[in-house]
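Novice: Next up, upload.cif (mmCIF, C-alpha atoms).
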data_upload
loop_
_atom_site.label_atom_id
_atom_site.label_comp_id
_atom_site.auth_asym_id
_atom_site.auth_seq_id
_atom_site.Cartn_x
_atom_site.Cartn_y
_atom_site.Cartn_z
CA VAL A 1 113.16 117.63 30.21
CA PRO A 2 113.44 119.38 33.62
CA ASP A 3 110.56 117.39 35.15
CA GLU A 4 112.19 114.11 34.32
CA GLU A 5 115.53 115.38 35.58
CA LEU A 6 113.95 116.35 38.87
CA GLY A 7 112.24 112.98 39.08
CA ARG A 8 115.50 111.20 38.51
CA ARG A 9 117.29 113.27 41.12
CA GLU A 10 114.54 112.78 43.65
CA ARG A 11 114.53 109.07 42.99
CA ARG A 12 118.27 108.80 43.43
CA LYS A 13 118.02 110.68 46.68
CA LEU A 14 115.31 108.35 47.94
CA GLU A 15 117.32 105.31 46.95
CA ALA A 16 120.31 106.57 48.91
CA ARG A 17 118.11 107.11 51.95
CA VAL A 18 116.67 103.62 51.69
CA ARG A 19 120.16 102.11 51.34
CA LEU A 20 121.32 104.04 54.41
CA LEU A 21 118.36 102.76 56.43
CA ALA A 22 118.77 99.19 55.24
CA ALA A 23 122.52 99.17 55.94
CA THR A 24 121.96 100.57 59.43
CA ARG A 25 119.23 98.06 60.14
CA GLN A 26 121.47 95.17 59.18
CA MET A 27 124.42 96.50 61.14
CA ILE A 28 122.30 96.99 64.27
CA ALA A 29 120.82 93.50 63.90
CA GLU A 30 124.31 92.02 63.73
CA GLN A 31 126.24 94.07 66.28
CA GLY A 32 123.98 96.51 68.08
CA ALA A 33 124.25 100.28 67.87
CA THR A 34 127.04 101.06 70.32
CA ASP A 35 129.99 100.80 67.94
CA LEU A 36 128.10 101.95 64.88
CA LYS A 37 130.06 104.55 62.88
CA ILE A 38 128.59 106.90 60.29
CA ALA A 39 131.55 106.24 57.99
CA ASP A 40 130.82 102.50 58.06
CA ILE A 41 127.13 103.03 57.42
CA ALA A 42 127.88 105.27 54.45
CA LYS A 43 130.35 102.74 53.06
CA ALA A 44 127.95 99.81 53.45
CA ALA A 45 125.20 101.86 51.80
CA ASP A 46 127.55 102.92 49.03
CA VAL A 47 126.99 106.65 49.53
CA GLY A 48 129.50 109.38 50.33
CA PHE A 49 130.18 110.35 53.94
CA GLY A 50 128.88 113.87 53.28
CA THR A 51 125.74 112.51 51.64
CA PHE A 52 124.79 110.86 54.91
CA TYR A 53 124.17 114.30 56.39
CA ASN A 54 121.79 115.23 53.59
CA HIS A 55 119.50 112.57 55.02
CA PHE A 56 120.15 112.32 58.75
CA GLU A 57 121.68 114.78 61.15
CA SER A 58 123.38 112.23 63.39
CA LYS A 59 123.90 108.57 64.15
CA ASP A 60 121.15 108.78 66.76
CA ALA A 61 118.76 110.18 64.16
CA ILE A 62 119.24 107.29 61.74
CA VAL A 63 119.08 104.71 64.55
CA GLU A 64 115.76 106.17 65.67
CA ALA A 65 114.48 106.23 62.09
CA VAL A 66 115.45 102.58 61.60
CA LEU A 67 113.76 101.48 64.79
CA GLY A 68 110.66 103.47 63.90
CA GLU A 69 110.50 101.75 60.53
CA VAL A 70 111.20 98.30 61.98
CA LEU A 71 108.49 98.72 64.58
CA ALA A 72 105.99 100.13 62.12
CA GLY A 73 106.78 97.27 59.73
CA ALA A 74 106.39 94.64 62.43
CA ALA A 75 103.18 96.23 63.70
CA THR A 76 101.70 96.26 60.21
CA ALA A 77 102.75 92.69 59.46
CA ILE A 78 101.59 91.31 62.80
CA GLY A 79 98.50 93.50 63.06
CA SER A 80 97.13 92.89 59.60
CA PHE A 81 97.75 89.15 59.88
CA ALA A 82 96.19 89.01 63.33
CA LEU A 83 93.07 90.95 62.38
CA GLU A 84 92.17 88.10 60.00
CA PHE A 85 91.24 85.93 62.96
CA ALA A 86 87.48 85.91 63.51
CA ASP A 87 87.94 85.88 67.29
CA PRO A 88 89.41 89.08 68.81
CA ALA A 89 90.81 86.95 71.63
CA GLU A 90 92.90 85.07 69.12
CA THR A 91 93.96 88.33 67.46
CA ALA A 92 95.13 89.67 70.82
CA SER A 93 96.88 86.46 71.82
CA PHE A 94 98.67 86.10 68.49
CA SER A 95 99.80 89.74 68.44
CA TYR A 96 101.09 89.72 71.98
CA ARG A 97 102.97 86.47 71.52
CA ARG A 98 104.41 87.53 68.19
CA PHE A 99 105.79 90.77 69.62
CA VAL A 100 107.33 89.02 72.61
CA LEU A 101 108.96 86.47 70.30
CA PHE A 102 110.32 89.31 68.16
CA ALA A 103 112.59 90.15 71.11
CA ARG A 104 113.99 86.63 70.97
CA GLU A 105 114.40 86.60 67.21
CA GLU A 106 115.94 90.05 66.86
CA PRO A 107 117.63 90.64 70.20
CA GLU A 108 120.04 93.31 68.96
CA LEU A 109 117.33 95.40 67.35
CA ALA A 110 115.07 94.97 70.35
CA ALA A 111 117.91 95.90 72.71
CA VAL A 112 118.55 99.12 70.81
CA LEU A 113 114.82 99.83 70.82
CA ILE A 114 114.37 99.59 74.57
CA LYS A 115 117.35 101.87 75.17
CA LEU A 116 116.12 104.63 72.84
CA PRO A 117 114.92 107.79 74.56
CA GLY A 118 111.20 107.78 73.90
CA ALA A 119 111.15 104.02 73.25
CA ASN A 120 107.84 103.66 75.05
CA GLU A 121 106.21 106.34 72.95
CA LEU A 122 107.60 104.87 69.72
CA PHE A 123 106.31 101.42 70.66
CA GLU A 124 102.93 102.80 71.65
CA GLU A 125 102.59 104.83 68.47
CA SER A 126 103.36 101.86 66.25
CA LEU A 127 100.92 99.51 67.92
CA ARG A 128 98.09 101.81 68.89
CA THR A 129 95.98 101.53 65.73
CA TYR A 130 96.00 97.74 65.58
CA ALA A 131 95.60 97.28 69.31
CA ARG A 132 92.67 99.70 69.40
CA GLU A 133 90.92 97.93 66.53
CA THR A 134 91.34 94.60 68.32
CA LEU A 135 89.97 95.89 71.61
CA GLU A 136 87.05 97.63 69.92
CA ARG A 137 86.08 94.47 68.06
CA GLY A 138 86.30 92.48 71.26
CA ARG A 139 84.20 94.95 73.13
CA GLN A 140 81.55 95.37 70.47
CA SER A 141 81.12 91.63 70.03
CA GLY A 142 80.85 91.16 73.79
CA ARG A 143 83.93 88.95 73.75
CA PHE A 144 85.89 91.36 75.99
CA GLU A 145 84.62 93.04 79.10
CA ILE A 146 86.31 96.43 78.95
CA GLU A 147 84.90 99.47 80.69
CA ASP A 148 87.62 101.98 79.83
CA LEU A 149 89.06 101.35 76.39
CA GLU A 150 91.88 103.89 76.74
CA LEU A 151 92.99 102.33 80.00
CA ALA A 152 92.93 98.81 78.57
CA LEU A 153 94.82 99.98 75.50
CA ALA A 154 97.52 101.81 77.46
CA THR A 155 97.83 98.84 79.79
CA VAL A 156 98.28 96.11 77.18
CA ILE A 157 100.75 98.14 75.17
CA ALA A 158 102.77 98.82 78.32
CA ALA A 159 102.49 95.14 79.22
CA GLY A 160 103.84 94.09 75.82
CA PHE A 161 106.74 96.47 76.10
CA ALA A 162 107.52 95.27 79.64
CA ALA A 163 107.52 91.66 78.43
CA ILE A 164 109.95 92.48 75.62
CA LYS A 165 112.24 94.17 78.13
CA GLY A 166 112.02 91.21 80.48
CA VAL A 167 112.92 88.81 77.67
CA LEU A 168 115.95 90.90 76.72
CA GLN A 169 117.09 91.09 80.33
CA GLY A 170 116.84 87.31 80.54
CA ARG A 171 114.43 87.59 83.46
CA LEU A 172 111.51 85.65 81.99
CA GLY A 173 110.91 81.95 81.50
CA GLU A 174 110.85 80.23 78.14
CA HIS A 175 107.09 80.40 77.70
CA ALA A 176 106.61 84.03 78.68
CA ASP A 177 104.75 84.69 75.43
CA VAL A 178 102.12 82.03 76.19
CA ILE A 179 101.83 82.81 79.89
CA GLY A 180 101.58 86.53 79.23
CA ALA A 181 98.91 86.03 76.57
CA GLU A 182 96.91 83.87 78.95
CA MET A 183 96.98 86.51 81.69
CA MET A 184 96.12 89.20 79.16
CA LEU A 185 93.03 87.30 78.00
CA ARG A 186 91.88 86.97 81.59
CA PHE A 187 92.49 90.71 81.96
CA PHE A 188 90.13 91.20 79.00
CA GLY A 189 87.51 89.12 80.80
CA LEU A 190 87.86 85.62 79.34
CA ASP A 191 87.47 82.79 81.82
CA HIS A 192 90.47 80.71 82.85
CA ALA A 193 89.81 77.70 80.65
CA GLU A 194 89.33 79.69 77.48
CA ALA A 195 92.23 82.03 78.18
CA ARG A 196 94.44 79.01 78.64
CA GLU A 197 93.26 77.17 75.57
CA ILE A 198 93.56 80.12 73.19
CA SER A 199 96.95 81.27 74.46
CA HIS A 200 98.39 77.76 74.13
CA ARG A 201 97.42 77.27 70.49
CA PRO A 202 100.28 76.63 68.06
CA LEU A 203 101.44 79.95 66.66
CA PRO A 204 100.90 80.36 62.91
CA SER A 205 104.21 81.22 61.30
CA LEU A 206 104.75 84.78 60.12
CA ASP A 207 108.09 85.80 58.76
CA LEU A 208 109.21 89.17 60.13
CA ALA A 209 112.84 88.82 59.15
CA ARG A 210 114.22 91.73 57.18
CA PRO A 211 111.07 93.62 56.28
CA THR A 212 111.64 96.13 53.53
CA PHE A 213 111.46 99.80 54.43
CA ALA A 214 108.14 101.49 53.90
CA ASP A 215 109.47 103.92 51.29
CA SER A 216 111.60 101.35 49.51
CA PRO A 217 111.45 101.80 45.72
CA THR A 218 110.40 98.59 43.96
CA VAL B 1 136.19 118.96 120.75
CA PRO B 2 136.95 118.04 117.11
CA ASP B 3 134.47 115.14 117.02
CA GLU B 4 131.62 117.36 118.10
CA GLU B 5 132.70 120.05 115.65
CA LEU B 6 132.64 117.54 112.79
CA GLY B 7 129.28 116.25 113.90
CA ARG B 8 127.87 119.75 113.95
CA ARG B 9 129.24 120.54 110.51
CA GLU B 10 127.90 117.28 109.07
CA ARG B 11 124.55 117.92 110.62
CA ARG B 12 124.38 121.42 109.21
CA LYS B 13 125.26 120.07 105.78
CA LEU B 14 122.55 117.45 105.97
CA GLU B 15 120.01 120.04 107.08
CA ALA B 16 120.85 122.22 104.08
CA ARG B 17 120.40 119.26 101.77
CA VAL B 18 117.04 118.40 103.27
CA ARG B 19 115.88 122.01 103.00
CA LEU B 20 116.93 122.09 99.34
CA LEU B 21 115.00 118.89 98.62
CA ALA B 22 111.92 120.05 100.52
CA ALA B 23 111.92 123.45 98.80
CA THR B 24 112.28 121.83 95.37
CA ARG B 25 109.51 119.37 96.11
CA GLN B 26 107.14 122.13 97.09
CA MET B 27 108.04 124.28 94.11
CA ILE B 28 107.53 121.39 91.69
CA ALA B 29 104.20 120.50 93.31
CA GLU B 30 103.03 124.07 92.88
CA GLN B 31 104.37 125.02 89.45
CA GLY B 32 106.11 122.05 87.82
CA ALA B 33 109.80 121.87 86.98
CA THR B 34 110.02 123.85 83.74
CA ASP B 35 110.59 127.31 85.17
CA LEU B 36 112.42 126.14 88.25
CA LYS B 37 115.57 128.19 88.91
CA ILE B 38 118.46 127.15 91.12
CA ALA B 39 118.64 130.66 92.60
CA ASP B 40 114.98 130.43 93.65
CA ILE B 41 115.47 127.00 95.18
CA ALA B 42 118.48 128.20 97.15
CA LYS B 43 116.57 131.23 98.36
CA ALA B 44 113.52 129.21 99.41
CA ALA B 45 115.79 126.75 101.20
CA ASP B 46 117.70 129.60 102.84
CA VAL B 47 121.11 128.45 101.61
CA GLY B 48 123.65 130.28 99.46
CA PHE B 49 123.61 129.90 95.69
CA GLY B 50 127.09 128.34 95.79
CA THR B 51 126.08 125.95 98.54
CA PHE B 52 123.55 124.41 96.20
CA TYR B 53 126.39 122.99 94.15
CA ASN B 54 127.94 121.30 97.18
CA HIS B 55 124.86 119.10 97.16
CA PHE B 56 123.63 118.80 93.59
CA GLU B 57 125.41 119.33 90.32
CA SER B 58 122.44 120.69 88.40
CA LYS B 59 118.74 121.46 88.46
CA ASP B 60 118.07 118.10 86.77
CA ALA B 61 120.00 116.31 89.50
CA ILE B 62 117.91 117.78 92.32
CA VAL B 63 114.67 117.23 90.42
CA GLU B 64 115.55 113.58 89.94
CA ALA B 65 116.55 113.26 93.60
CA VAL B 66 113.24 114.78 94.69
CA LEU B 67 111.19 112.47 92.48
CA GLY B 68 113.19 109.48 93.69
CA GLU B 69 112.46 110.42 97.29
CA VAL B 70 108.80 111.16 96.61
CA LEU B 71 108.30 107.83 94.86
CA ALA B 72 110.21 105.89 97.48
CA GLY B 73 108.18 107.62 100.17
CA ALA B 74 104.88 106.91 98.45
CA ALA B 75 105.86 103.29 97.78
CA THR B 76 106.78 102.76 101.42
CA ALA B 77 103.64 104.44 102.72
CA ILE B 78 101.30 102.65 100.29
CA GLY B 79 103.15 99.34 100.38
CA SER B 80 103.46 99.00 104.13
CA PHE B 81 99.83 100.02 104.62
CA ALA B 82 98.64 97.65 101.91
CA LEU B 83 100.56 94.64 103.17
CA GLU B 84 98.46 94.77 106.36
CA PHE B 85 95.48 93.41 104.44
CA ALA B 86 95.10 89.68 104.98
CA ASP B 87 94.02 89.16 101.37
CA PRO B 88 96.75 89.76 98.73
CA ALA B 89 94.00 90.67 96.27
CA GLU B 90 93.03 93.55 98.49
CA THR B 91 96.68 94.55 98.90
CA ALA B 92 97.10 94.65 95.13
CA SER B 93 93.85 96.50 94.52
CA PHE B 94 94.54 99.10 97.19
CA SER B 95 98.12 99.71 95.99
CA TYR B 96 97.18 100.06 92.34
CA ARG B 97 94.31 102.41 93.09
CA ARG B 98 96.34 104.49 95.50
CA PHE B 99 99.11 105.01 92.95
CA VAL B 100 96.70 105.97 90.21
CA LEU B 101 95.00 108.45 92.53
CA PHE B 102 98.40 109.93 93.41
CA ALA B 103 98.53 111.22 89.83
CA ARG B 104 95.25 113.08 90.47
CA GLU B 105 96.30 114.43 93.84
CA GLU B 106 99.79 115.54 92.86
CA PRO B 107 99.52 116.23 89.13
CA GLU B 108 102.56 118.51 88.93
CA LEU B 109 104.87 116.05 90.65
CA ALA B 110 103.50 113.15 88.61
CA ALA B 111 103.89 115.14 85.39
CA VAL B 112 107.53 115.84 86.17
CA LEU B 113 108.00 112.16 87.01
CA ILE B 114 106.70 110.79 83.73
CA LYS B 115 108.89 113.21 81.79
CA LEU B 116 112.11 112.26 83.58
CA PRO B 117 114.57 110.26 81.53
CA GLY B 118 114.56 106.85 83.17
CA ALA B 119 111.13 107.46 84.75
CA ASN B 120 110.08 103.88 84.09
CA GLU B 121 113.13 102.49 85.83
CA LEU B 122 112.72 104.84 88.78
CA PHE B 123 109.07 103.83 89.14
CA GLU B 124 109.93 100.14 88.84
CA GLU B 125 112.74 100.37 91.35
CA SER B 126 110.55 102.09 93.94
CA LEU B 127 107.69 99.61 93.67
CA ARG B 128 109.45 96.34 92.99
CA THR B 129 109.95 95.16 96.59
CA TYR B 130 106.35 95.74 97.68
CA ALA B 131 104.84 94.44 94.47
CA ARG B 132 106.96 91.31 94.57
CA GLU B 133 105.97 90.60 98.17
CA THR B 134 102.30 90.99 97.25
CA LEU B 135 102.52 88.65 94.26
CA GLU B 136 104.49 86.06 96.20
CA ARG B 137 101.93 86.04 99.00
CA GLY B 138 99.14 85.69 96.48
CA ARG B 139 100.85 82.88 94.71
CA GLN B 140 101.85 80.95 97.83
CA SER B 141 98.36 81.16 99.29
CA GLY B 142 96.84 80.02 96.01
CA ARG B 143 94.93 83.27 95.73
CA PHE B 144 96.71 84.25 92.50
CA GLU B 145 97.37 82.02 89.56
CA ILE B 146 100.75 83.24 88.36
CA GLU B 147 103.09 81.03 86.39
CA ASP B 148 105.91 83.50 85.77
CA LEU B 149 106.36 85.83 88.71
CA GLU B 150 108.86 88.11 86.95
CA LEU B 151 106.50 88.55 84.02
CA ALA B 152 103.53 89.33 86.26
CA LEU B 153 105.65 91.76 88.26
CA ALA B 154 107.00 93.61 85.24
CA THR B 155 103.51 93.71 83.75
CA VAL B 156 101.68 95.17 86.73
CA ILE B 157 104.34 97.78 87.38
CA ALA B 158 104.20 98.83 83.72
CA ALA B 159 100.41 98.82 83.90
CA GLY B 160 100.45 101.11 86.93
CA PHE B 161 102.82 103.51 85.24
CA ALA B 162 100.72 103.52 82.07
CA ALA B 163 97.61 104.30 84.10
CA ILE B 164 99.33 107.24 85.81
CA LYS B 165 100.38 108.56 82.42
CA GLY B 166 96.86 108.13 81.06
CA VAL B 167 95.40 110.05 84.00
CA LEU B 168 97.85 112.92 83.49
CA GLN B 169 97.09 113.06 79.79
CA GLY B 170 93.40 113.24 80.63
CA ARG B 171 92.67 110.18 78.54
CA LEU B 172 91.08 108.02 81.22
CA GLY B 173 87.65 108.06 82.76
CA GLU B 174 86.92 109.11 86.32
CA HIS B 175 86.99 105.59 87.75
CA ALA B 176 90.15 104.39 86.06
CA ASP B 177 91.60 103.35 89.42
CA VAL B 178 88.68 101.01 90.13
CA ILE B 179 88.38 99.66 86.59
CA GLY B 180 92.11 99.10 86.32
CA ALA B 181 92.23 97.30 89.65
CA GLU B 182 89.35 95.06 88.57
CA MET B 183 91.12 94.07 85.35
CA MET B 184 94.36 93.52 87.23
CA LEU B 185 92.69 91.12 89.67
CA ARG B 186 91.29 89.15 86.75
CA PHE B 187 94.80 89.16 85.29
CA PHE B 188 95.96 87.55 88.57
CA GLY B 189 93.31 84.89 88.16
CA LEU B 190 90.39 86.06 90.29
CA ASP B 191 86.95 85.44 88.84
CA HIS B 192 84.82 88.32 87.58
CA ALA B 193 82.54 88.65 90.56
CA GLU B 194 85.31 88.72 93.13
CA ALA B 195 87.53 91.02 91.07
CA ARG B 196 84.63 93.42 90.80
CA GLU B 197 83.67 93.33 94.44
CA ILE B 198 87.18 93.81 95.81
CA SER B 199 88.14 96.58 93.39
CA HIS B 200 84.95 98.51 94.17
CA ARG B 201 85.43 98.58 97.94
CA PRO B 202 85.68 102.00 99.55
CA LEU B 203 89.34 103.04 99.66
CA PRO B 204 90.74 103.42 103.19
CA SER B 205 92.24 106.87 103.52
CA LEU B 206 96.01 107.23 103.56
CA ASP B 207 97.55 110.66 103.61
CA LEU B 208 100.45 110.93 101.17
CA ALA B 209 100.59 114.70 101.12
CA ARG B 210 104.02 116.17 101.86
CA PRO B 211 105.86 113.13 103.13
CA THR B 212 109.07 114.04 104.90
CA PHE B 213 112.33 113.19 103.21
CA ALA B 214 113.95 109.94 104.23
CA ASP B 215 117.04 111.57 105.69
CA SER B 216 115.17 114.43 107.32
CA PRO B 217 116.66 115.25 110.75
CA THR B 218 114.04 115.18 113.47
#
Would you mind writing the file out in structure tokens?

Specialist:
Amino acid sequence: VPDEELGRRERRKLEARVRLLAATRQMIAEQGATDLKIADIAKAADVGFGTFYNHFESKDAIVEAVLGEVLAGAATAIGSFALEFADPAETASFSYRRFVLFAREEPELAAVLIKLPGANELFEESLRTYARETLERGRQSGRFEIEDLELALATVIAAGFAAIKGVLQGRLGEHADVIGAEMMLRFFGLDHAEAREISHRPLPSLDLARPTFADSPT
Amino acid sequence: VPDEELGRRERRKLEARVRLLAATRQMIAEQGATDLKIADIAKAADVGFGTFYNHFESKDAIVEAVLGEVLAGAATAIGSFALEFADPAETASFSYRRFVLFAREEPELAAVLIKLPGANELFEESLRTYARETLERGRQSGRFEIEDLELALATVIAAGFAAIKGVLQGRLGEHADVIGAEMMLRFFGLDHAEAREISHRPLPSLDLARPTFADSPT
């Protein structure tokens, strides 16, 4: 049956793509992207060298795709977990801290991310939806004092990205996630005592290691 | 006299370079960098087409040099003016607002800046010295409550850059400079009332239009 045949072919193609992405992700996490070779990716993914080019036009293209997927996965995992908190201040604090800690947990991936051309835009794109929802809830409930939502949104996303960079460059202290969250809550209008208390809460655990790729067949 | 001869030749070379930079700056300010042609720059600067390449290896190279000089010039003008305020909170508020307004006053230059590869780094480099001095003064005097200076520094510089971007993209409201400064002062630990009052003060005028280039012969 031609329909089935097509389905099978399409599925095989998708599986190859997912294996290529997963292999690249793992190789970047272990050794960075500098010495990454397409031949090695293809081998690790168990696809032919030529097949690689059916899916991605270059090494840079697959690296960018991986980072896009990793960021989108992390944003979804962190964002959807964080939006369960009743208090938008806790949502914001948790999300900020979790992203900063991601740089410590996955330094190779994070290092490749910050060096990507368009890294800022990629980071912003991935986080925008969750961050906006958090700020809107905070504003509507009167918890945050925010006059220009777009400005606050652009600022906190840029602040998160700057903190990740600072962590990777080894420029920040050990508790940068907590200290940054505290300052961010003050930025949103919380008073000192509350900003301090909320940012210093123990962080609920959330496993971000090795998220599956969005289009992974199950 | 050979020494004099050399001096004259060096001086002529420097003058050509300065004219090239000044012409490029003006052309970018008027029409952006997209349609900029080396031949037109050379003509406007009154130097030969070939001479251009004694100074810059490409159009991108001169554009980056111009933006570097413009940013360094603006940072020096804003920073040295702002550090005259006795209160570091006022220094910070003035500097932030002045940079955000720069994006409104010189939209073409700012637009070229944010599109440069490495724009973030260039921006950070230009502002770092003045911003650090401001934060250190605020911390030492007890005016700011900052636990991790590097984090606060990286955050405010990123915040300033994000605000400039937001202005250029037309996403921010008319008073983004004031609102952003107010949030930033809260971020530094000022209470609501003071952050509001200081950020809403009338802005002393400071003319940034057409700064001369650093190495301009007088």

Novice: Set out as a Markdown table a contact list for chain B and chain A with a cut-off of 8 Å, giving each residue of chain B that qualifies its closest atom pair and distance in Å to one decimal, counting all atoms listed in the file, ordered by chain and rising residue number.

Specialist:
| residue | atom | partner | partner_atom | distance |
| --- | --- | --- | --- | --- |
| B:Pro117 | CA | A:Pro117 | CA | 7.4 |
| B:Glu147 | CA | A:Ile179 | CA | 6.9 |
| B:Asp148 | CA | A:Gly173 | CA | 6.8 |
| B:Glu150 | CA | A:Leu172 | CA | 6.1 |
| B:Leu151 | CA | A:Leu172 | CA | 6.1 |
| B:Ala152 | CA | A:Gly180 | CA | 7.8 |
| B:Ala154 | CA | A:Ala162 | CA | 5.9 |
| B:Thr155 | CA | A:Ala159 | CA | 4.9 |
| B:Val156 | CA | A:Ala159 | CA | 7.6 |
| B:Ala158 | CA | A:Ala158 | CA | 5.6 |
| B:Ala159 | CA | A:Thr155 | CA | 4.9 |
| B:Gly160 | CA | A:Thr155 | CA | 7.9 |
| B:Ala162 | CA | A:Ala154 | CA | 5.9 |
| B:Ala163 | CA | A:Leu151 | CA | 6.5 |
| B:Gly166 | CA | A:Leu151 | CA | 7.1 |
| B:Arg171 | CA | A:Glu150 | CA | 6.6 |
| B:Leu172 | CA | A:Leu151 | CA | 6.1 |
| B:Gly173 | CA | A:Asp148 | CA | 6.7 |
| B:Ala176 | CA | A:Leu151 | CA | 7.0 |
| B:Ile179 | CA | A:Glu147 | CA | 6.9 |
| B:Gly180 | CA | A:Leu151 | CA | 7.2 |
| B:Met183 | CA | A:Phe187 | CA | 5.0 |
| B:Met184 | CA | A:Phe187 | CA | 6.3 |
| B:Leu185 | CA | A:Phe187 | CA | 7.7 |
| B:Arg186 | CA | A:Phe187 | CA | 5.2 |
| B:Phe187 | CA | A:Phe187 | CA | 4.3 |
| B:Phe188 | CA | A:Met183 | CA | 7.0 |
| B:Gly189 | CA | A:Arg186 | CA | 7.0 |
| B:Asp191 | CA | A:Asp191 | CA | 7.5 |
| B:His192 | CA | A:Gly189 | CA | 7.3 |

Novice: If we count all atoms listed in the file, what is near Leu113 in chain A at a cut-off of 12 Å, once residues fewer than 3 positions away on the same chain are taken out, given as a PyMOL selection string?

Specialist: chain A and resi 25+28-29+32-33+60+63-71+102-103+106-110+116-123+161+164-165+168

Novice: Enter the distance from CA of Thr134 in chain B to CA of Leu203 in chain B, in Å, rounded to one decimal.

Specialist: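 CA of Leu203 in chain B lies 17.9 Å from CA of Thr134 in chain B.
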
Novice: Step by step: start from the point (104.4, 105.4, 105.0) in the file's coordinates, keep every protein, DNA or RNA residue that has an atom no farther than 10 Å from it, count all atoms listed in the file, and write the set as number ranges by chain.

Specialist: B: 72-81, 206-208, 211-212

Novice: At what distance in Å, to one decimal, does CA of Phe94 in chain B lie from CA of Ala82 in chain B?

Specialist: 6.4 Å

Novice: Written as a PyMOL selection string, which residues does the PyMOL selection byres ((chain B and resi 44-55) around 10) give for the file shown?

Specialist: chain B and resi 13-24+26-27+38-43+56-59+61-62

Novice: Just to confirm, what's the straight-line distance from CA of Ser141 in chain B to CA of Asp87 in chain B in Å (one decimal)?

Specialist: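 Distance reported for this atom pair: 9.3 Å.
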